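To be precise, the following lines are work.cif, and they hold mmCIF, C-alpha atoms.
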```cif
data_entry
#
loop_
_atom_site.label_atom_id
_atom_site.label_comp_id
_atom_site.auth_asym_id
_atom_site.auth_seq_id
_atom_site.Cartn_x
_atom_site.Cartn_y
_atom_site.Cartn_z
CA MET A 1 14.81 19.61 2.90
CA ASP A 2 18.54 19.80 2.23
CA SER A 3 19.36 18.28 5.61
CA ASP A 4 19.63 14.53 6.15
CA ASP A 5 18.28 15.07 9.67
CA LEU A 6 14.59 15.26 8.88
CA PRO A 7 11.99 16.30 11.44
CA PRO A 8 9.01 14.00 12.07
CA ALA A 9 6.40 14.17 9.34
CA PRO A 10 3.22 15.99 10.40
CA GLY A 11 1.12 13.09 9.12
CA LYS A 12 -2.66 13.38 8.89
CA PHE A 13 -4.43 16.50 10.12
CA SER A 14 -7.63 18.40 9.44
CA TYR A 15 -7.39 21.79 7.71
CA ASP A 16 -10.52 23.81 7.02
CA GLY A 17 -12.59 20.63 6.98
CA ILE A 18 -10.25 18.77 4.63
CA LEU A 19 -8.12 15.83 5.74
CA LEU A 20 -4.53 16.33 4.62
CA GLU A 21 -1.40 14.27 5.07
CA ALA A 22 1.99 15.96 4.98
CA SER A 23 5.36 14.27 4.48
CA VAL A 24 8.93 15.50 4.68
CA MET A 25 11.61 14.32 2.28
CA ARG A 26 15.22 14.94 1.39
CA ALA A 27 15.91 17.26 -1.52
CA ALA A 28 18.34 14.66 -2.89
CA GLN A 29 15.38 12.41 -3.71
CA LEU A 30 14.26 15.04 -6.22
CA ARG A 31 17.71 15.72 -7.60
CA SER A 32 16.86 15.07 -11.27
CA PRO A 33 13.93 14.24 -13.57
CA GLU A 34 15.48 10.82 -14.23
CA ALA A 35 15.59 9.97 -10.53
CA VAL A 36 11.92 10.86 -10.15
CA LEU A 37 10.81 9.19 -13.37
CA ARG A 38 12.09 5.82 -12.17
CA ASP A 39 10.56 6.14 -8.67
CA TYR A 40 6.99 4.90 -8.91
CA HIS A 41 5.69 6.77 -5.86
CA LEU A 42 7.27 10.11 -6.76
CA ALA A 43 6.52 10.00 -10.48
CA GLY A 44 2.92 9.07 -9.80
CA ASN A 45 2.45 12.38 -8.02
CA MET A 46 4.85 14.67 -9.84
CA HIS A 47 3.44 14.18 -13.34
CA LEU A 48 0.11 15.75 -12.38
CA PRO A 49 -0.43 19.50 -11.90
CA GLY A 50 -0.76 20.39 -8.24
CA ILE A 51 2.24 22.39 -7.01
CA LEU A 52 1.11 24.86 -4.35
CA ALA A 53 4.42 26.60 -3.69
CA ASP A 54 7.79 26.43 -5.43
CA PRO A 55 10.18 29.17 -4.29
CA THR A 56 13.19 27.74 -6.19
CA GLY A 57 11.36 26.71 -9.36
CA HIS A 58 12.85 23.21 -9.13
CA LEU A 59 9.52 21.45 -8.65
CA THR A 60 8.05 23.20 -11.68
CA THR A 61 10.98 22.02 -13.79
CA LEU A 62 10.51 18.46 -12.51
CA HIS A 63 6.79 18.54 -13.21
CA ALA A 64 7.35 19.63 -16.80
CA ALA A 65 9.66 16.66 -17.37
CA MET A 66 7.24 14.29 -15.63
CA ALA A 67 4.28 15.46 -17.70
CA GLN A 68 6.24 14.98 -20.92
CA HIS A 69 7.89 11.63 -20.22
CA PHE A 70 5.73 9.91 -17.58
CA ALA A 71 4.15 7.49 -20.10
CA ASP A 72 7.37 6.72 -22.00
CA GLU A 73 7.83 2.95 -22.13
CA ARG A 74 11.39 3.23 -20.79
CA TRP A 75 10.25 4.92 -17.61
CA VAL A 76 7.10 2.84 -17.16
CA LEU A 77 9.24 -0.31 -17.20
CA ALA A 78 11.74 1.29 -14.80
CA ARG A 79 8.93 2.09 -12.35
CA CYS A 80 7.49 -1.41 -12.65
CA ASP A 81 10.95 -2.75 -11.87
CA ASP A 82 11.12 -0.39 -8.88
CA ALA A 83 7.87 -1.88 -7.56
CA MET A 84 9.09 -5.44 -8.21
CA ASN A 85 12.22 -4.72 -6.19
CA ARG A 86 10.10 -3.43 -3.32
CA VAL A 87 8.17 -6.69 -3.31
CA ARG A 88 11.44 -8.59 -3.07
CA ARG A 89 12.86 -6.36 -0.32
CA TRP A 90 9.77 -6.68 1.87
CA LEU A 91 9.42 -10.43 1.45
CA THR A 92 13.09 -11.27 1.87
CA SER A 93 13.55 -9.08 4.95
CA MET A 94 10.96 -10.78 7.17
CA ASP A 95 12.46 -11.27 10.64
CA PRO A 96 10.85 -14.08 12.71
CA SER A 97 12.36 -12.56 15.86
CA ALA A 98 10.67 -9.18 15.34
CA PRO A 99 7.45 -8.22 17.15
CA LEU A 100 4.46 -9.96 15.56
CA PRO A 101 2.94 -6.78 14.03
CA ASP A 102 6.28 -6.06 12.33
CA GLN A 103 6.49 -9.60 10.97
CA VAL A 104 2.98 -9.38 9.56
CA THR A 105 3.62 -5.91 8.10
CA SER A 106 6.67 -7.14 6.17
CA TRP A 107 4.68 -9.97 4.64
CA LEU A 108 1.59 -7.81 4.04
CA PHE A 109 3.31 -4.95 2.25
CA GLY A 110 5.54 -7.26 0.24
CA THR A 111 2.44 -9.04 -1.00
CA GLY A 112 0.44 -5.85 -1.41
CA VAL A 113 3.03 -4.14 -3.60
CA MET A 114 2.32 -6.80 -6.22
CA THR A 115 -0.77 -4.73 -7.03
CA HIS A 116 1.42 -1.66 -7.51
CA VAL A 117 3.43 -3.37 -10.25
CA LEU A 118 0.23 -3.64 -12.28
CA LEU A 119 -1.15 -0.22 -11.39
CA VAL A 120 2.12 1.37 -12.45
CA ALA A 121 2.05 -0.55 -15.73
CA GLY A 122 -1.47 0.72 -16.36
CA LEU A 123 -0.52 4.32 -15.51
CA ARG A 124 -2.84 4.21 -12.52
CA ASN A 125 -2.30 5.76 -9.12
CA PRO A 126 -0.52 3.19 -6.90
CA THR A 127 -2.88 3.99 -4.06
CA VAL A 128 -2.31 2.64 -0.57
CA ARG A 129 -5.52 1.71 1.23
CA ARG A 130 -7.60 0.95 -1.87
CA ARG A 131 -4.89 -0.80 -3.89
CA TYR A 132 -6.80 -4.06 -4.32
CA ALA A 133 -9.98 -2.26 -5.38
CA ALA A 134 -7.97 -0.16 -7.84
CA VAL A 135 -6.18 -3.13 -9.37
CA ARG A 136 -9.46 -5.01 -9.65
CA ASP A 137 -10.86 -2.17 -11.77
CA LEU A 138 -7.74 -2.14 -13.94
CA LEU A 139 -7.79 -5.89 -14.48
CA GLN A 140 -11.52 -5.91 -15.19
CA ARG A 141 -11.05 -3.25 -17.89
CA ASN A 142 -8.35 -5.43 -19.42
CA GLU A 143 -10.45 -8.62 -19.18
CA ARG A 144 -8.06 -10.21 -16.68
CA LEU A 145 -10.22 -10.53 -13.59
CA ASP A 146 -8.90 -14.06 -13.29
CA TYR A 147 -5.54 -12.63 -12.26
CA HIS A 148 -7.22 -10.54 -9.57
CA GLU A 149 -8.19 -13.83 -7.94
CA THR A 150 -4.52 -14.79 -8.04
CA LEU A 151 -3.55 -11.59 -6.22
CA LEU A 152 -6.22 -12.19 -3.58
CA THR A 153 -4.95 -15.75 -3.18
CA HIS A 154 -1.48 -14.46 -2.34
CA LEU A 155 -3.10 -12.10 0.17
CA GLY A 156 -5.03 -15.01 1.67
CA ALA A 157 -8.35 -13.23 1.22
CA VAL A 158 -9.71 -14.98 -1.86
CA ASP A 159 -12.27 -17.09 0.03
CA LEU A 160 -13.22 -14.65 2.79
CA THR A 161 -16.90 -13.82 3.09
CA ALA A 162 -18.42 -10.43 3.80
CA THR A 163 -19.51 -11.71 7.21
CA GLN A 164 -15.96 -12.67 8.13
CA VAL A 165 -14.59 -9.32 7.04
CA LYS A 166 -17.29 -7.44 8.95
CA GLU A 167 -16.27 -9.32 12.09
CA HIS A 168 -12.64 -8.35 11.53
CA VAL A 169 -13.63 -4.69 11.13
CA GLN A 170 -15.59 -4.84 14.39
CA ALA A 171 -12.54 -6.26 16.16
CA LEU A 172 -10.32 -3.64 14.53
CA ALA A 173 -12.62 -0.84 15.69
CA LYS A 174 -12.10 -1.93 19.31
CA VAL A 175 -8.30 -1.88 19.15
CA PHE A 176 -8.38 1.31 17.08
CA ASP A 177 -10.48 3.13 19.66
CA ALA A 178 -8.10 2.00 22.38
CA ALA A 179 -4.99 3.04 20.45
CA LYS A 180 -6.29 6.43 19.34
CA THR A 181 -6.45 7.64 22.95
CA VAL A 182 -2.75 7.08 23.75
CA GLU A 183 0.40 9.00 22.89
CA ALA A 184 3.39 7.15 21.49
CA PRO A 185 6.57 8.02 19.54
CA TYR A 186 5.34 6.29 16.41
CA ARG A 187 5.61 7.48 12.81
CA PHE A 188 2.08 6.30 12.01
CA SER A 189 0.41 7.75 15.11
CA SER A 190 -1.63 10.19 13.00
CA ASP A 191 -3.21 7.19 11.22
CA ILE A 192 -4.79 6.17 14.52
CA THR A 193 -6.78 9.21 15.62
CA ASP A 194 -10.36 10.44 15.55
CA VAL A 195 -9.51 12.41 12.42
CA ALA A 196 -8.29 9.27 10.61
CA ARG A 197 -11.02 6.93 11.87
CA PRO A 198 -13.35 7.54 8.89
CA ILE A 199 -10.59 6.22 6.62
CA ALA A 200 -9.55 3.15 8.59
CA ILE A 201 -12.90 1.99 9.94
CA ASP A 202 -15.63 3.62 7.84
CA GLY A 203 -13.54 3.18 4.69
CA ALA A 204 -13.36 -0.57 5.28
CA ARG A 205 -17.10 -0.73 5.81
CA ASP A 206 -17.69 1.23 2.61
CA LEU A 207 -15.67 -1.32 0.66
CA ILE A 208 -17.67 -4.18 2.19
CA THR A 209 -20.93 -2.44 1.27
CA ALA A 210 -19.63 -2.09 -2.30
CA GLY A 211 -19.02 -5.84 -2.45
CA LEU A 212 -15.27 -5.44 -2.08
CA ASN A 213 -14.93 -7.19 1.25
CA ARG A 214 -11.87 -9.18 0.18
CA GLU A 215 -10.19 -6.05 -1.16
CA ALA A 216 -10.74 -4.34 2.20
CA MET A 217 -8.53 -6.84 4.02
CA PHE A 218 -5.22 -5.23 3.12
CA TRP A 219 -5.84 -2.02 5.06
CA ILE A 220 -7.67 -3.81 7.85
CA VAL A 221 -4.53 -5.87 8.54
CA ALA A 222 -2.19 -2.89 8.11
CA THR A 223 -4.21 -0.78 10.53
CA TYR A 224 -4.49 -3.61 13.05
CA CYS A 225 -0.68 -3.93 13.07
CA ARG A 226 -0.25 -0.19 13.52
CA CYS A 227 -2.72 -0.07 16.39
CA LEU A 228 -0.94 -2.89 18.20
CA THR A 229 2.42 -1.24 17.64
CA LYS A 230 1.19 2.11 18.95
CA LEU A 231 -0.22 0.49 22.08
CA SER A 232 3.01 -1.40 22.66
CA LEU A 233 5.15 1.73 22.23
CA ALA A 234 2.91 3.49 24.73
CA GLY A 235 3.74 0.75 27.23
CA LEU A 236 0.27 -0.80 27.19
CA ALA A 237 -0.58 -4.48 26.98
CA THR A 238 -1.97 -5.77 23.70
CA THR A 239 -3.12 -9.11 25.13
CA PRO A 240 -6.83 -8.13 25.09
CA TYR A 241 -6.60 -8.13 21.30
CA ASP A 242 -4.44 -11.21 20.80
CA ALA A 243 -7.31 -13.60 20.15
CA SER A 244 -9.01 -11.47 17.49
CA PHE A 245 -5.68 -10.69 15.80
CA ASN A 246 -4.77 -14.38 15.69
CA THR A 247 -8.18 -15.14 14.19
CA LEU A 248 -7.50 -12.55 11.53
CA LEU A 249 -4.11 -14.06 10.72
CA ALA A 250 -5.53 -17.58 10.71
CA ASP A 251 -8.22 -16.57 8.21
CA LEU A 252 -5.47 -15.28 5.91
CA GLY A 253 -3.30 -18.37 6.43
CA VAL A 254 -0.40 -16.42 7.98
CA GLN A 255 -0.71 -17.25 11.67
CA THR A 256 2.82 -18.61 12.18
CA PRO A 257 6.28 -17.54 10.93
CA GLU A 258 6.31 -20.71 8.84
CA ASP A 259 2.95 -19.77 7.30
CA ARG A 260 4.20 -16.32 6.42
CA GLN A 261 7.44 -17.65 4.98
CA GLN A 262 5.52 -20.11 2.83
CA LYS A 263 3.25 -17.33 1.52
CA ALA A 264 6.30 -15.15 0.83
CA THR A 265 8.02 -17.97 -1.04
CA GLU A 266 4.92 -18.51 -3.17
CA ALA A 267 4.66 -14.79 -3.96
CA LEU A 268 8.31 -14.55 -4.94
CA ALA A 269 7.94 -17.58 -7.21
CA ALA A 270 4.96 -15.85 -8.87
CA LEU A 271 6.87 -12.69 -9.83
CA PRO A 272 7.69 -13.79 -13.41
CA GLU A 273 3.97 -14.24 -14.11
CA LEU A 274 3.24 -10.88 -12.47
CA TRP A 275 5.80 -9.22 -14.74
CA ASN A 276 4.23 -10.79 -17.82
CA VAL A 277 0.79 -9.51 -16.83
CA ALA A 278 2.29 -6.06 -16.25
CA LEU A 279 3.79 -6.07 -19.75
CA VAL A 280 0.41 -6.88 -21.28
CA LEU A 281 -1.31 -4.14 -19.25
CA GLY A 282 1.38 -1.68 -20.28
CA LYS A 283 0.93 -2.58 -23.94
CA ASN A 284 -2.84 -2.21 -23.71
CA THR A 285 -2.52 1.12 -21.94
CA LYS A 286 -0.13 2.43 -24.58
CA GLN A 287 -2.56 1.46 -27.34
CA HIS A 288 -5.39 3.37 -25.66
CA ASN A 289 -3.18 6.33 -24.69
CA PRO A 290 -0.76 6.84 -27.60
#
```

The structure in this file should be written as structure tokens.
Amino acid sequence: MDSDDLPPAPGKFSYDGILLEASVMRAAQLRSPEAVLRDYHLAGNMHLPGILADPTGHLTTLHAAMAQHFADERWVLARCDDAMNRVRRWLTSMDPSAPLPDQVTSWLFGTGVMTHVLLVAGLRNPTVRRRYAAVRDLLQRNERLDYHETLLTHLGAVDLTATQVKEHVQALAKVFDAAKTVEAPYRFSSDITDVARPIAIDGARDLITAGLNREAMFWIVATYCRCLTKLSLAGLATTPYDASFNTLLADLGVQTPEDRQQKATEALAALPELWNVALVLGKNTKQHNP
């Protein structure tokens, strides 16, 4: 849209049996091929064919540039740098006075975007919910599964058992089912509905069944925070879920503001190593996709 005053995004909805998610964005974000090529979320979508409607022809022009230059080393490095900066912004903007779900979200997404740096380097989709499963596959193909353990260590999930994660999913299902029934002015409300439940709850269980219980923790925590926020914005008490949420945070080693700050400091200190791994993945990808 040309306007800076954007309407709320429709979010997730079912259409003819297919779950879709619609967003709204400013036209200025798509002003030039160069602007999109250096944005790792936009470029990751725009380089693939999939335009459904393009009355002005601008999207078609952008797609042509994306398809031609998406894998150029210059732009791959720019997108990796974009992801690195997002890690820094999330982890340096943690506010200990903010509501607890917001504090945890800042730490969680700052840590989780570390996977995106590598996925972008490997020309992979920087997916949201399955990011740790996706980066595991990338690192395994590049014989660097050892570094996947490092990423899980920063997340706090490296030693979690399948039993522990199953218990966290059970607790999440309870707060999810409470939050899905309420209305609240919340941008992620469509993530907490009957339509979205197969993603948040069943999707976590599918990962556990596949032996990716540790990788499931990212979206379990993210969804837990969103459920608590939605309940709070609806004016409902979240105290019935405090104990299980604190257990979740304790298992990840991020129960207190000091814990989260320590984890953030460790992640920030690890960024040079992350960048070096990204460079190796990018080089390997270029060799296999000249």

Starting from 8 Å padding per side, set up an axis-aligned box that covers all listed atoms of stretch 192-207 of chain A and hand over centre and edge lengths in Å, one decimal, as lines of an AutoDock Vina configuration file.
```
center_x = -11.2
center_y = 5.5
center_z = 8.1
size_x = 28.9
size_y = 29.7
size_z = 31.0
```

ask   = Contacts of A:Val113 at 8 Å or less, counting only C-alpha atoms, minus same-chain residues fewer than 5 places along, as a PyMOL selection string?
value = chain A and resi 83-84+86-87

task = Rounded to one decimal place, report the atom CA of A:Leu252-atom CA of A:Leu160 distance in Å.
result = 8.4 Å

message = Distance cut-off 8 Å, centre (2.2, 0.9, 2.3) in file coordinates, counting all atoms listed in the file: which residues qualify? Return them as a ChimeraX atom specification.
response = /A:109,112-113,128-129

key: Surrounding residues of A:Ile199 excluding itself and chain neighbours under 2 positions, 12 Å, all atoms listed in the file, as JSON, numbers by chain   = {"A": [12, 19, 20, 128, 129, 130, 173, 176, 190, 191, 192, 193, 194, 195, 196, 197, 201, 202, 203, 204, 205, 206, 207, 216, 219, 220, 223]}

key: Expected residue set, 12 Å radius at (15.8, 10.8, -3.9), only C-alpha atoms, as a PyMOL selection string   = chain A and resi 1-2+4+24-43

ask   = Which residue out of A:Glu266, A:Glu258, A:Glu215, A:Asp102 has the minimum interatomic distance to A:His148 when only C-alpha atoms are used?
value =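 Nearest to A:His148: A:Glu215.
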
request  = Record the distance separating atom CA of A:Phe245 and atom CA of A:Glu21, expressed in Å with one decimal.
outcome  =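 Rounded to one decimal, the two atoms are 27.5 Å apart.
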
request  = Check the smallest atom-to-atom distance from each of A:Lys283, A:His288, A:Lys180, A:Arg214 to A:Arg131 using all atoms listed in the file, then report the winner.
outcome  =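 The answer is A:Arg214, which sits nearest to A:Arg131.
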
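Atom to atom, atom CA of A:Gln68 and atom CA of A:Gln287 stand 17.4 Å apart.
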
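The residues caught by the PyMOL selection byres ((chain A and resi 104) around 9) in this file are Met94, Pro99, Leu100, Pro101, Asp102, Gln103, Thr105, Ser106, Trp107, Leu108, Phe109, Val221, Ala222, Cys225, Leu249, Val254, Gln255, Pro257 and Arg260 of chain A.
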
query = Can you list what the PyMOL selection byres ((chain A and resi 186) around 10) grabs from this structure, as a ChimeraX atom specification?
reply = /A:8,183-185,187-190,226,229-231,233-234

request  = Tell me which residues the PyMOL selection byres ((chain A and resi 63) around 12) grabs here, as a ChimeraX atom specification.
outcome  = /A:30,32-34,36-37,42-51,54,57-62,64-70

Leaving out stretch 267-271 of chain A and any residue of its chain fewer than 6 positions from it, which residues lie within 9 Å of it when counting all atoms listed in the file, given as a JSON list (two decimals) with C-alpha atoms, in the frame of the given file?
```json
[["chain", "number", "residue", "atom", "x", "y", "z"],
["A", 84, "MET", "CA", 9.09, -5.44, -8.21],
["A", 87, "VAL", "CA", 8.17, -6.69, -3.31],
["A", 88, "ARG", "CA", 11.44, -8.59, -3.07],
["A", 91, "LEU", "CA", 9.42, -10.43, 1.45],
["A", 92, "THR", "CA", 13.09, -11.27, 1.87],
["A", 110, "GLY", "CA", 5.54, -7.26, 0.24],
["A", 111, "THR", "CA", 2.44, -9.04, -1.00],
["A", 114, "MET", "CA", 2.32, -6.80, -6.22],
["A", 154, "HIS", "CA", -1.48, -14.46, -2.34]]
```

request  = Kindly indicate which residue among A:Ser244, A:Ser3, A:Thr153, A:Thr209 lies nearest to A:Leu172, using only C-alpha atoms for the distances.
outcome  =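 Of all the options, A:Ser244 lies closest to A:Leu172.
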